[in-house]
Each structure stands twice: as C-alpha cells, then as structure tokens.
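Data file: final-v4.txt. Format and content: compact mmCIF, C-alpha atoms.
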# COMPACT_ATOMS: atom_id res chain seq x y z
CA MET A 1 263.83 179.55 24.23
CA ILE A 2 262.52 179.26 20.71
CA ASP A 3 260.56 176.16 21.70
CA LEU A 4 259.16 178.03 24.68
CA LEU A 5 258.07 180.96 22.48
CA LYS A 6 256.49 178.57 20.03
CA ALA A 7 254.66 176.87 22.85
CA LEU A 8 253.45 180.18 24.31
CA THR A 9 252.45 181.50 20.92
CA GLY A 10 250.62 178.31 20.20
CA PHE A 11 248.81 178.49 23.54
CA ALA A 12 247.84 182.10 22.99
CA GLY A 13 246.70 181.30 19.51
CA CYS A 14 244.49 178.53 20.80
CA ALA A 15 243.01 180.84 23.43
CA VAL A 16 242.21 183.54 20.89
CA ALA A 17 240.77 180.96 18.55
CA ALA A 18 238.60 179.61 21.32
CA LEU A 19 237.41 183.11 22.20
CA LEU A 20 236.64 183.91 18.59
CA SER A 21 234.87 180.63 18.27
CA ALA A 22 232.74 181.35 21.32
CA THR A 23 231.96 184.83 20.05
CA ALA A 24 231.05 183.46 16.68
CA ALA A 25 228.85 180.85 18.32
CA GLY A 26 227.08 183.57 20.30
CA ALA A 27 226.64 185.66 17.20
CA GLN A 28 225.30 182.61 15.39
CA ASP A 29 222.68 181.99 18.05
CA PRO A 30 220.56 185.13 18.14
CA GLY A 31 217.74 183.07 19.57
CA LEU A 32 219.60 182.44 22.80
CA ASP A 33 220.74 186.06 22.90
CA ALA A 34 217.12 187.16 22.62
CA TRP A 35 216.05 184.64 25.25
CA ARG A 36 218.57 186.03 27.74
CA GLY A 37 216.85 189.41 27.42
CA ILE A 38 213.43 187.80 27.86
CA TYR A 39 214.60 185.85 30.88
CA ALA A 40 215.91 189.03 32.48
CA VAL A 41 212.36 190.39 32.28
CA PHE A 42 210.44 187.26 33.25
CA SER A 43 212.65 186.51 36.25
CA HIS A 44 212.55 190.10 37.49
CA PRO A 45 210.63 190.55 40.75
CA ARG A 46 208.02 192.78 39.09
CA CYS A 47 207.01 189.75 37.04
CA ALA A 48 208.09 186.71 39.06
CA ASN A 49 206.57 187.84 42.37
CA CYS A 50 203.12 186.91 41.05
CA HIS A 51 204.18 183.92 38.91
CA VAL A 52 204.43 181.57 41.88
CA GLU A 53 203.90 177.85 42.19
CA ASP A 54 202.17 177.99 45.54
CA ASP A 55 199.31 180.23 46.62
CA ARG A 56 201.32 183.08 48.06
CA PRO A 57 202.47 186.05 46.01
CA ARG A 58 205.87 187.32 47.06
CA TRP A 59 207.26 190.64 48.08
CA SER A 60 210.80 190.86 46.76
CA GLY A 61 213.02 193.21 44.82
CA ALA A 62 215.59 195.89 45.26
CA HIS A 63 213.53 198.01 47.64
CA TYR A 64 211.82 195.25 49.64
CA GLY A 65 214.64 194.13 51.91
CA ARG A 66 214.31 190.48 52.72
CA THR A 67 212.13 188.35 50.47
CA ARG A 68 208.85 187.34 52.03
CA VAL A 69 205.36 186.23 51.21
CA HIS A 70 202.78 188.95 50.67
CA ASP A 71 201.64 190.28 54.01
CA MET A 72 198.06 190.08 55.31
CA ASN A 73 197.73 186.37 54.57
CA VAL A 74 197.03 187.11 50.92
CA GLN A 75 196.35 183.93 48.94
CA ARG A 76 195.57 182.87 45.40
CA GLY A 77 191.98 181.80 46.04
CA ALA A 78 189.97 179.48 43.84
CA ASP A 79 190.14 181.73 40.77
CA GLY A 80 193.53 183.39 41.19
CA LEU A 81 191.86 186.63 42.21
CA GLY A 82 192.16 186.21 45.96
CA ASN A 83 189.92 184.85 48.69
CA PRO A 84 186.32 185.85 49.36
CA GLY A 85 186.37 188.99 51.47
CA MET A 86 189.92 189.82 50.49
CA ARG A 87 190.20 189.84 46.74
CA CYS A 88 193.28 191.20 45.00
CA THR A 89 191.15 194.12 43.86
CA THR A 90 190.10 194.93 47.41
CA CYS A 91 193.41 196.78 47.67
CA HIS A 92 194.88 196.82 44.14
CA GLN A 93 192.94 199.28 42.02
CA GLU A 94 193.34 200.13 38.33
CA GLN A 95 196.29 202.44 38.87
CA ASN A 96 199.15 202.74 41.30
CA ALA A 97 198.17 204.37 44.56
CA ALA A 98 199.41 207.93 44.78
CA GLN A 99 200.57 207.45 48.36
CA ARG A 100 204.10 206.22 48.87
CA HIS A 101 204.03 202.56 49.94
CA GLY A 102 200.41 202.38 48.83
CA PRO A 103 199.32 199.38 46.79
CA PRO A 104 200.39 199.18 43.16
CA GLY A 105 197.58 198.94 40.67
CA ALA A 106 196.62 197.85 37.18
CA PRO A 107 193.39 196.56 35.66
CA ALA A 108 192.38 193.07 36.86
CA TRP A 109 195.16 192.54 39.36
CA HIS A 110 195.60 188.80 39.91
CA LEU A 111 198.09 185.97 40.22
CA ALA A 112 199.30 184.17 37.14
CA PRO A 113 198.04 180.57 36.95
CA ALA A 114 200.13 178.23 39.09
CA GLU A 115 201.40 176.31 36.05
CA MET A 116 203.04 179.49 34.75
CA VAL A 117 205.62 179.46 37.50
CA TRP A 118 208.67 181.72 37.17
CA TRP A 119 209.46 182.41 40.80
CA GLN A 120 212.95 181.00 41.54
CA LYS A 121 212.93 178.93 38.34
CA SER A 122 215.98 178.67 36.09
CA SER A 123 216.27 180.18 32.64
CA LYS A 124 215.84 176.73 31.12
CA GLU A 125 212.77 175.96 33.21
CA ILE A 126 211.03 179.23 32.37
CA CYS A 127 211.93 178.86 28.71
CA GLU A 128 210.39 175.40 28.52
CA GLN A 129 207.29 176.55 30.37
CA VAL A 130 206.75 179.50 28.05
CA LYS A 131 206.84 177.18 25.01
CA ASP A 132 204.53 174.55 26.50
CA PRO A 133 200.87 175.16 25.50
CA ALA A 134 199.76 173.16 28.53
CA ARG A 135 201.53 175.68 30.76
CA ASN A 136 201.31 178.93 28.80
CA GLY A 137 197.56 179.34 28.52
CA ASN A 138 197.50 177.45 25.21
CA ARG A 139 199.14 180.38 23.44
CA THR A 140 201.31 180.43 20.37
CA LEU A 141 204.60 182.29 20.68
CA ASP A 142 203.13 185.13 18.64
CA GLU A 143 200.22 185.32 21.05
CA ILE A 144 202.62 185.40 23.98
CA ALA A 145 204.53 188.27 22.38
CA LEU A 146 201.31 190.22 21.87
CA HIS A 147 200.19 189.44 25.41
CA VAL A 148 203.44 190.86 26.78
CA ARG A 149 203.17 193.97 24.61
CA ASP A 150 199.46 194.71 25.05
CA ASP A 151 198.22 193.41 28.40
CA ASP A 152 197.64 196.16 30.95
CA LEU A 153 198.70 194.09 33.95
CA VAL A 154 201.87 192.91 32.21
CA SER A 155 202.65 196.48 31.21
CA TRP A 156 202.52 197.48 34.86
CA GLY A 157 205.86 195.69 35.27
CA TRP A 158 207.53 198.58 33.46
CA GLN A 159 205.49 201.25 35.26
CA PRO A 160 205.35 199.95 38.81
CA GLY A 161 205.10 203.30 40.52
CA THR A 162 207.29 205.30 42.81
CA GLY A 163 209.83 203.36 44.80
CA ARG A 164 209.62 200.12 42.84
CA GLU A 165 212.29 199.00 40.41
CA PRO A 166 210.76 198.42 36.96
CA ALA A 167 211.42 195.33 34.88
CA PRO A 168 214.31 195.76 32.39
CA GLY A 169 213.65 197.46 29.07
CA SER A 170 210.09 198.03 27.95
CA ALA A 171 207.03 196.13 26.79
CA GLU A 172 207.86 196.93 23.17
CA GLU A 173 211.48 195.81 23.54
CA THR A 174 210.40 192.57 25.17
CA TYR A 175 207.87 192.04 22.40
CA GLN A 176 210.64 192.46 19.85
CA LEU A 177 212.88 190.04 21.75
CA LEU A 178 210.08 187.47 21.79
CA ARG A 179 209.62 187.86 18.04
CA GLN A 180 213.37 187.44 17.48
CA TRP A 181 213.50 184.43 19.76
CA SER A 182 210.52 182.83 18.04
CA ALA A 183 211.94 183.52 14.56
CA ALA A 184 215.20 181.86 15.61
CA GLY A 185 213.40 178.68 16.58
CA ALA A 186 212.78 179.57 20.24
CA PRO A 187 215.85 177.83 21.60
CA CYS A 188 216.17 177.19 25.31
CA PRO A 189 219.45 177.29 27.25
CA ALA A 190 220.99 174.07 28.42
CA ASP A 191 220.65 175.04 32.07
CA MET B 1 200.95 220.27 39.43
CA THR B 2 197.53 221.75 39.95
CA LEU B 3 194.63 219.35 39.98
CA GLU B 4 191.35 220.74 38.77
CA GLU B 5 188.07 220.01 40.42
CA THR B 6 185.46 218.20 38.41
CA THR B 7 181.83 217.57 39.14
CA MET B 8 181.65 213.89 39.95
CA LYS B 9 178.56 211.76 40.42
CA LEU B 10 178.55 209.17 43.16
CA ASN B 11 175.83 206.74 44.13
CA VAL B 12 176.27 206.11 47.82
CA ASN B 13 173.89 203.96 49.85
CA GLY B 14 171.25 204.31 47.16
CA SER B 15 171.40 208.09 46.89
CA GLU B 16 172.85 210.07 44.01
CA HIS B 17 175.35 212.78 44.89
CA GLU B 18 177.23 215.37 42.88
CA ILE B 19 180.45 216.66 44.35
CA ASP B 20 183.05 219.08 43.03
CA VAL B 21 186.36 217.37 43.76
CA GLU B 22 189.61 216.40 42.08
CA THR B 23 189.26 213.08 40.33
CA GLU B 24 192.37 211.89 42.17
CA MET B 25 190.76 212.42 45.58
CA PRO B 26 190.54 209.14 47.53
CA LEU B 27 186.98 207.92 47.84
CA LEU B 28 187.37 207.90 51.62
CA TRP B 29 188.01 211.65 51.61
CA ALA B 30 184.94 212.24 49.47
CA LEU B 31 182.74 210.11 51.71
CA ARG B 32 183.88 211.63 54.96
CA ASP B 33 184.64 215.24 54.09
CA GLU B 34 182.28 215.91 51.20
CA LEU B 35 179.30 213.71 52.02
CA ASP B 36 179.66 213.56 55.80
CA ILE B 37 179.49 209.76 55.78
CA ARG B 38 181.80 208.96 58.68
CA GLY B 39 181.43 205.19 59.06
CA PRO B 40 184.49 204.34 56.96
CA LYS B 41 187.56 205.30 58.97
CA PHE B 42 191.01 206.54 58.05
CA GLY B 43 193.54 204.12 59.51
CA CYS B 44 196.72 203.75 57.49
CA GLY B 45 195.85 205.49 54.22
CA ILE B 46 197.65 202.81 52.16
CA ALA B 47 195.20 199.88 52.13
CA GLN B 48 196.97 197.97 54.84
CA CYS B 49 194.51 198.07 57.73
CA GLY B 50 191.00 197.75 56.30
CA ALA B 51 189.31 200.40 58.47
CA CYS B 52 188.08 202.24 55.37
CA THR B 53 186.49 199.22 53.68
CA VAL B 54 183.33 199.89 51.66
CA PHE B 55 181.61 198.07 48.81
CA ILE B 56 181.62 199.11 45.19
CA ASP B 57 178.94 197.10 43.43
CA GLY B 58 179.05 194.66 46.31
CA GLU B 59 182.80 194.06 46.22
CA PRO B 60 184.91 195.17 49.18
CA VAL B 61 187.51 197.83 48.48
CA ARG B 62 189.80 199.97 50.61
CA SER B 63 188.31 203.39 50.02
CA CYS B 64 191.53 205.15 50.99
CA SER B 65 193.18 203.73 47.87
CA VAL B 66 190.38 204.13 45.34
CA THR B 67 190.20 207.51 43.67
CA VAL B 68 186.86 209.11 43.04
CA GLY B 69 187.65 208.94 39.35
CA GLU B 70 188.01 205.15 39.55
CA VAL B 71 184.60 204.57 41.13
CA SER B 72 182.43 203.02 38.46
CA GLY B 73 179.65 201.52 40.53
CA ALA B 74 177.36 201.97 43.49
CA VAL B 75 179.08 202.58 46.81
CA THR B 76 177.79 201.03 50.01
CA THR B 77 179.10 202.00 53.41
CA ILE B 78 178.15 200.62 56.78
CA GLU B 79 175.49 203.32 56.99
CA GLY B 80 173.74 201.69 54.06
CA LEU B 81 173.41 198.18 55.44
CA ALA B 82 170.31 198.43 57.58
CA ALA B 83 167.03 198.00 55.75
CA ASP B 84 163.49 198.71 56.87
CA GLY B 85 164.69 199.71 60.30
CA ARG B 86 166.48 196.43 60.85
CA LEU B 87 170.20 196.00 61.19
CA HIS B 88 172.05 193.71 58.83
CA PRO B 89 172.43 190.26 60.44
CA VAL B 90 176.18 190.82 60.68
CA GLN B 91 175.67 194.12 62.48
CA GLN B 92 173.26 192.42 64.87
CA ALA B 93 175.71 189.59 65.48
CA TRP B 94 178.40 192.18 66.23
CA ILE B 95 176.19 193.65 68.93
CA ASP B 96 175.15 190.28 70.28
CA GLU B 97 178.77 189.20 70.62
CA GLN B 98 179.81 192.64 71.90
CA VAL B 99 182.69 192.56 69.46
CA ALA B 100 183.84 196.15 69.56
CA GLN B 101 186.28 197.50 72.09
CA CYS B 102 187.44 200.91 70.87
CA GLY B 103 185.39 200.31 67.72
CA TYR B 104 187.56 202.22 65.28
CA CYS B 105 188.17 199.32 62.90
CA GLN B 106 184.79 197.68 63.26
CA ALA B 107 182.98 199.26 60.32
CA GLY B 108 185.63 197.81 58.04
CA GLN B 109 185.50 194.48 59.84
CA VAL B 110 181.74 194.26 59.35
CA MET B 111 181.98 195.07 55.65
CA THR B 112 184.58 192.39 55.04
CA ALA B 113 182.61 189.86 57.09
CA ILE B 114 179.55 190.51 54.94
CA ALA B 115 181.59 190.01 51.77
CA LEU B 116 182.86 186.72 53.17
CA LEU B 117 179.39 185.48 54.07
CA GLU B 118 178.03 186.45 50.67
CA ALA B 119 180.60 184.11 49.09
CA ILE B 120 180.78 181.46 51.80
CA PRO B 121 177.59 181.35 53.87
CA ASP B 122 178.98 178.84 56.39
CA PRO B 123 182.67 179.68 56.68
CA THR B 124 185.25 177.61 58.51
CA ASP B 125 187.81 179.15 60.82
CA ALA B 126 190.29 179.05 57.93
CA ASP B 127 187.83 180.81 55.62
CA ILE B 128 187.39 183.52 58.24
CA ASP B 129 191.14 183.92 58.71
CA ASN B 130 191.68 184.10 54.96
CA ALA B 131 189.07 186.80 54.52
CA MET B 132 189.69 188.86 57.62
CA SER B 133 193.50 188.93 57.79
CA GLY B 134 193.60 192.27 55.98
CA ASN B 135 191.45 193.97 58.62
CA LEU B 136 193.54 194.87 61.63
CA CYS B 137 192.22 195.37 65.14
CA ARG B 138 194.65 196.90 67.59
CA CYS B 139 192.34 195.96 70.48
CA GLY B 140 192.66 192.30 69.50
CA THR B 141 188.98 191.52 69.16
CA TYR B 142 189.65 188.74 66.68
CA PRO B 143 188.09 185.91 68.75
CA ARG B 144 184.86 187.89 69.07
CA ILE B 145 184.95 188.78 65.37
CA ARG B 146 185.14 185.08 64.56
CA ALA B 147 182.28 184.31 66.95
CA ALA B 148 180.15 187.06 65.46
CA ILE B 149 180.71 185.83 61.93
CA LYS B 150 179.64 182.33 62.96
CA ARG B 151 176.63 183.74 64.76
CA ALA B 152 175.63 185.71 61.69
CA ALA B 153 176.10 182.62 59.53
CA SER B 154 173.80 180.65 61.80
CA ALA B 155 171.24 183.41 61.92
CA THR B 156 171.19 183.71 58.16
CA ALA B 157 170.95 179.95 57.72
CA GLY B 158 167.99 179.82 60.10
CA ALA B 159 166.19 182.74 58.50
Go ahead and express the file in the form of structure tokens.
Amino acid sequence: MIDLLKALTGFAGCAVAALLSATAAGAQDPGLDAWRGIYAVFSHPRCANCHVEDDRPRWSGAHYGRTRVHDMNVQRGADGLGNPGMRCTTCHQEQNAAQRHGPPGAPAWHLAPAEMVWWQKSSKEICEQVKDPARNGNRTLDEIALHVRDDDLVSWGWQPGTGREPAPGSAEETYQLLRQWSAAGAPCPAD
Amino acid sequence: MTLEETTMKLNVNGSEHEIDVETEMPLLWALRDELDIRGPKFGCGIAQCGACTVFIDGEPVRSCSVTVGEVSGAVTTIEGLAADGRLHPVQQAWIDEQVAQCGYCQAGQVMTAIALLEAIPDPTDADIDNAMSGNLCRCGTYPRIRAAIKRAASATAGA
C-alpha cells in the first residue's frame, strides 16, 4: 500500500509539475499569447472574408448561415476594387446602409491583395504572412499595428453594423496586442 | 431619434438643385420624390437588384444605398444621357434590340452597361457577365441585354 501511495503521489506530483511548467512556459511567452489575440481578430469573418486567395470575397459568419462566395458574381477585378460596371463602391458606400441587410460600408471598400490571404489559413500561416514584407504590403510591424488602429476600412471590422458580429476586441486592443507581439520578437506558433 | 432637415445641394444631370431633406435620406428618394426624376427605380432598397443605378461623377452607384449626405459629386440619371436631341448609343442599342419587356429594371441596366463600355469598349461575354450580374431582370431579358451591349460597342467603334 505504501508503495502504491508513493507511486500515486509521484504521478500526481509529476502531473502538477508538468502543468506548472506549461503555465510557466505560457507566461514566459507573452509574444505567443499576444499573437493568439491577433489571430482571433485576423481569422474572424469580418476580416478574413475579404482576405481571400482567389477573386471571390466570401459571405460567412455567425449570421450568414452556410459559407458562400459573395453573391452577384462579385469579383476582385484588376485593381482589387471590383470589375468595370460593378465596382465594390457601386454598392458599398462610406457608411453602413441604414436598412437591415443593406450593404455594409466604409471608405474605399475593396479586397485585400491576394498575397495577404487569411481566409481558411492557419494561425502559423497568417503569422508568417503578416511578418513577410513581400506579402504584407512592405510594412514594418509598427506600420501594421498603426494600419490596424487607424485605417477606416479595417476599423469597420469592429463596427460592422446591425446584424453582423464584430471582430473580437477593438482596434485599439488589437493595436496593443500587435505592439506586444512585436516587442516580444513576433513569434509564430508551430502550427 | 429625430432627424433634422438640412438644405442640401445636388447637381443632377447638369442642373443645380437645393432640397430640404434629412442628410440620411437615400439619394433615390431625393431624386424621385423631391426632384421628380423617376428614371431610377426602387427595386429591393438594399443594393441587391440594380434598378436604382445612377452615376456619381461617372461611377455607377446604387442610389437606394447612398445617402444624400454622402453624395459628393455630380449625379447622372438615365434622363441625363441624351445630348443634343440624340439618345446615348446604349439607349439606341436598347431600342434597336428591343431589350425591354416590362422595363422596370432597364434604366439601371443601361447605366451599368454604359459604365462597362466606358472601361471596356469591346467587352467579351465574360466582361458583360462580370459587369451586369448585379442588375437583375425578372423578365429574363439577359440575352437581349448582351446583344444590345455588343451592338452599342460596335456602334461606338464605328463612330
């Protein structure tokens, strides 16, 4: 019995030690903690729906039902602003439409460049993209943080209008997370 | 919430207008109810059908979803297309191809077709589909719309 108790105690001790170790590791990696918050924003439908690899913005999110491509044959176009005759701004004005189910709006509505793809990409993939000047608009991490905080179209993600789930947190909180992540060396998750 | 009326200036089809409306009023309402310009039609009211399409500084917009306060340029409706007593080539092509059935959506169709031809003077079928897919026609006149756009393209090229 004593041997059994020793064995159990030893096992429990190992488990607690492992848990404490993991907690300590998490606490020692504030960069990854910050990144998880950033990823929750960037992968949210309000952001990812227009960060697509192909030419079709998506309709997805809590209120959209099944995920689908944007109706009306909407496409990226040569400049990311839609096709001739049916530009993004033909329907998307500078503010959200007052009518329920009307088009959302923000200044200069457009698709993100195709190399800035977030739609259905993993945390690791988005993280590496965001850090890559060839795929982030040749921005420094500080410039990315400012872009997220100050850009009107990005800010729309937190003020998407009636009936649409906003991105988590706020522009300011995401800016702060980006600063923390950058200060911690901008680590990316393993997967 | 009570919205207050403001005197707004609108340039529509080359004429200056002053109207006392709420800045949040959709442009379509102002055109039809305040200025008696009835070419743009109310279809869906949420920018999904294209019947209300007009130009602002030459760019097509759904006037049901633009507020008067957002209008920062000159508005052109289908009434403003003809010049010197002559129809716009796209309007003429629409007649020549007898596109319209009920006609309700056709003002919006014509405006979008003009925007397409301004950008792509000789559009392919795919170009036409890409531009016109946001303009719905419940009568199903799409084949005649395509033919009219190609006719207008040819007429313009030969002019």
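Closest approach to chain A from the set B:Ala147, B:Ile37, B:Ala93, B:Ala113 is made by B:Ala113, with distances taken over only C-alpha atoms.
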Using only C-alpha atoms, find the one residue out of B:Glu97, B:Glu5, B:Glu70, B:Glu79 that sits nearest to chain A. B:Glu70
Identify every residue of chain B that has at least one atom within 10 Å of any atom of chain A, counting only C-alpha atoms, and report the result as a PyMOL selection string. chain B and resi 24-26+44-50+53-56+59-67+70-71+111-120+127-136
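The coordinates place CA of His63 (chain A) at 7.4 Å from CA of Glu165 (chain A).
For the atom pair formed by CA of Ala186 (chain A) and CA of Gln159 (chain A), the distance is 27.4 Å, given to one decimal.
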Would you kindly return, as a compact mmCIF listing (two decimals) with C-alpha atoms, in the coordinates of the input, each protein, DNA or RNA residue with an atom no farther than 9 Å from any atom of Trp94 (chain B), considering only C-alpha atoms and excluding same-chain residues fewer than 3 positions away?
# COMPACT_ATOMS: atom_id res chain seq x y z
CA PRO B 89 172.43 190.26 60.44
CA VAL B 90 176.18 190.82 60.68
CA GLN B 91 175.67 194.12 62.48
CA GLU B 97 178.77 189.20 70.62
CA GLN B 98 179.81 192.64 71.90
CA VAL B 99 182.69 192.56 69.46
CA ALA B 100 183.84 196.15 69.56
CA GLN B 106 184.79 197.68 63.26
CA VAL B 110 181.74 194.26 59.35
CA ARG B 144 184.86 187.89 69.07
CA ILE B 145 184.95 188.78 65.37
CA ALA B 147 182.28 184.31 66.95
CA ALA B 148 180.15 187.06 65.46
CA ILE B 149 180.71 185.83 61.93
CA ARG B 151 176.63 183.74 64.76
CA ALA B 152 175.63 185.71 61.69
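When CA of Gly185 (chain A) is paired with CA of Asn138 (chain A), their separation reads 18.1 Å.
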Please rebuild region 84-95 of chain B with all heavy atoms and give the result as an mmCIF file, in the frame of the given file.
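Written out: part_0.cif:
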data_model
loop_
_atom_site.group_PDB
_atom_site.id
_atom_site.type_symbol
_atom_site.label_atom_id
_atom_site.label_comp_id
_atom_site.auth_asym_id
_atom_site.auth_seq_id
_atom_site.Cartn_x
_atom_site.Cartn_y
_atom_site.Cartn_z
ATOM 1 N N ASP B 84 164.801 198.728 56.214
ATOM 2 C CA ASP B 84 163.490 198.710 56.870
ATOM 3 C C ASP B 84 163.614 198.760 58.387
ATOM 4 O O ASP B 84 162.880 198.058 59.114
ATOM 5 C CB ASP B 84 162.697 197.458 56.442
ATOM 6 C CG ASP B 84 162.487 197.410 54.934
ATOM 7 O OD1 ASP B 84 162.319 198.498 54.342
ATOM 8 O OD2 ASP B 84 162.507 196.305 54.369
ATOM 9 N N GLY B 85 164.543 199.546 58.848
ATOM 10 C CA GLY B 85 164.690 199.710 60.300
ATOM 11 C C GLY B 85 165.347 198.545 60.999
ATOM 12 O O GLY B 85 165.410 198.517 62.237
ATOM 13 N N ARG B 86 165.837 197.608 60.232
ATOM 14 C CA ARG B 86 166.480 196.430 60.850
ATOM 15 C C ARG B 86 167.953 196.404 60.458
ATOM 16 O O ARG B 86 168.317 196.616 59.304
ATOM 17 C CB ARG B 86 165.811 195.137 60.377
ATOM 18 C CG ARG B 86 164.361 195.024 60.778
ATOM 19 C CD ARG B 86 163.817 193.643 60.436
ATOM 20 N NE ARG B 86 164.500 192.592 61.203
ATOM 21 C CZ ARG B 86 164.278 191.293 61.014
ATOM 22 N NH1 ARG B 86 163.418 190.908 60.080
ATOM 23 N NH2 ARG B 86 164.915 190.398 61.730
ATOM 24 N N LEU B 87 168.777 196.116 61.463
ATOM 25 C CA LEU B 87 170.200 196.000 61.190
ATOM 26 C C LEU B 87 170.482 194.809 60.296
ATOM 27 O O LEU B 87 169.716 193.833 60.280
ATOM 28 C CB LEU B 87 170.982 195.838 62.500
ATOM 29 C CG LEU B 87 170.986 197.038 63.456
ATOM 30 C CD1 LEU B 87 171.692 196.660 64.759
ATOM 31 C CD2 LEU B 87 171.674 198.234 62.809
ATOM 32 N N HIS B 88 171.571 194.877 59.580
ATOM 33 C CA HIS B 88 172.050 193.710 58.830
ATOM 34 C C HIS B 88 172.379 192.604 59.841
ATOM 35 O O HIS B 88 172.836 192.897 60.958
ATOM 36 C CB HIS B 88 173.294 194.104 58.040
ATOM 37 C CG HIS B 88 173.763 193.051 57.084
ATOM 38 N ND1 HIS B 88 174.459 191.932 57.495
ATOM 39 C CD2 HIS B 88 173.647 192.951 55.739
ATOM 40 C CE1 HIS B 88 174.743 191.188 56.430
ATOM 41 N NE2 HIS B 88 174.255 191.783 55.364
ATOM 42 N N PRO B 89 172.141 191.343 59.490
ATOM 43 C CA PRO B 89 172.430 190.260 60.440
ATOM 44 C C PRO B 89 173.861 190.290 60.990
ATOM 45 O O PRO B 89 174.084 189.901 62.150
ATOM 46 C CB PRO B 89 172.184 188.991 59.610
ATOM 47 C CG PRO B 89 171.194 189.398 58.575
ATOM 48 C CD PRO B 89 171.497 190.832 58.258
ATOM 49 N N VAL B 90 174.797 190.744 60.179
ATOM 50 C CA VAL B 90 176.180 190.820 60.680
ATOM 51 C C VAL B 90 176.316 191.945 61.710
ATOM 52 O O VAL B 90 176.979 191.781 62.736
ATOM 53 C CB VAL B 90 177.177 191.006 59.517
ATOM 54 C CG1 VAL B 90 178.591 191.254 60.044
ATOM 55 C CG2 VAL B 90 177.163 189.778 58.609
ATOM 56 N N GLN B 91 175.652 193.054 61.473
ATOM 57 C CA GLN B 91 175.670 194.120 62.480
ATOM 58 C C GLN B 91 175.047 193.620 63.785
ATOM 59 O O GLN B 91 175.573 193.885 64.879
ATOM 60 C CB GLN B 91 174.874 195.336 61.968
ATOM 61 C CG GLN B 91 175.554 196.093 60.840
ATOM 62 C CD GLN B 91 174.681 197.214 60.312
ATOM 63 O OE1 GLN B 91 173.559 196.966 59.855
ATOM 64 N NE2 GLN B 91 175.198 198.436 60.384
ATOM 65 N N GLN B 92 173.926 192.925 63.664
ATOM 66 C CA GLN B 92 173.260 192.420 64.870
ATOM 67 C C GLN B 92 174.143 191.422 65.610
ATOM 68 O O GLN B 92 174.234 191.453 66.846
ATOM 69 C CB GLN B 92 171.919 191.757 64.489
ATOM 70 C CG GLN B 92 171.067 191.361 65.687
ATOM 71 C CD GLN B 92 170.720 192.572 66.547
ATOM 72 O OE1 GLN B 92 170.181 193.571 66.070
ATOM 73 N NE2 GLN B 92 171.057 192.502 67.841
ATOM 74 N N ALA B 93 174.800 190.566 64.848
ATOM 75 C CA ALA B 93 175.710 189.590 65.480
ATOM 76 C C ALA B 93 176.854 190.315 66.190
ATOM 77 O O ALA B 93 177.316 189.871 67.260
ATOM 78 C CB ALA B 93 176.246 188.628 64.433
ATOM 79 N N TRP B 94 177.314 191.404 65.607
ATOM 80 C CA TRP B 94 178.400 192.180 66.230
ATOM 81 C C TRP B 94 177.952 192.715 67.598
ATOM 82 O O TRP B 94 178.714 192.700 68.563
ATOM 83 C CB TRP B 94 178.797 193.333 65.320
ATOM 84 C CG TRP B 94 180.212 193.301 64.848
ATOM 85 C CD1 TRP B 94 181.201 194.179 65.210
ATOM 86 C CD2 TRP B 94 180.817 192.375 63.929
ATOM 87 N NE1 TRP B 94 182.380 193.838 64.575
ATOM 88 C CE2 TRP B 94 182.166 192.745 63.782
ATOM 89 C CE3 TRP B 94 180.343 191.266 63.225
ATOM 90 C CZ2 TRP B 94 183.060 192.045 62.961
ATOM 91 C CZ3 TRP B 94 181.215 190.574 62.411
ATOM 92 C CH2 TRP B 94 182.548 190.959 62.285
ATOM 93 N N ILE B 95 176.710 193.147 67.650
ATOM 94 C CA ILE B 95 176.190 193.650 68.930
ATOM 95 C C ILE B 95 175.995 192.490 69.911
ATOM 96 O O ILE B 95 176.387 192.564 71.080
ATOM 97 C CB ILE B 95 174.851 194.396 68.695
ATOM 98 C CG1 ILE B 95 175.110 195.671 67.903
ATOM 99 C CG2 ILE B 95 174.173 194.706 70.034
ATOM 100 C CD1 ILE B 95 173.849 196.368 67.435
#
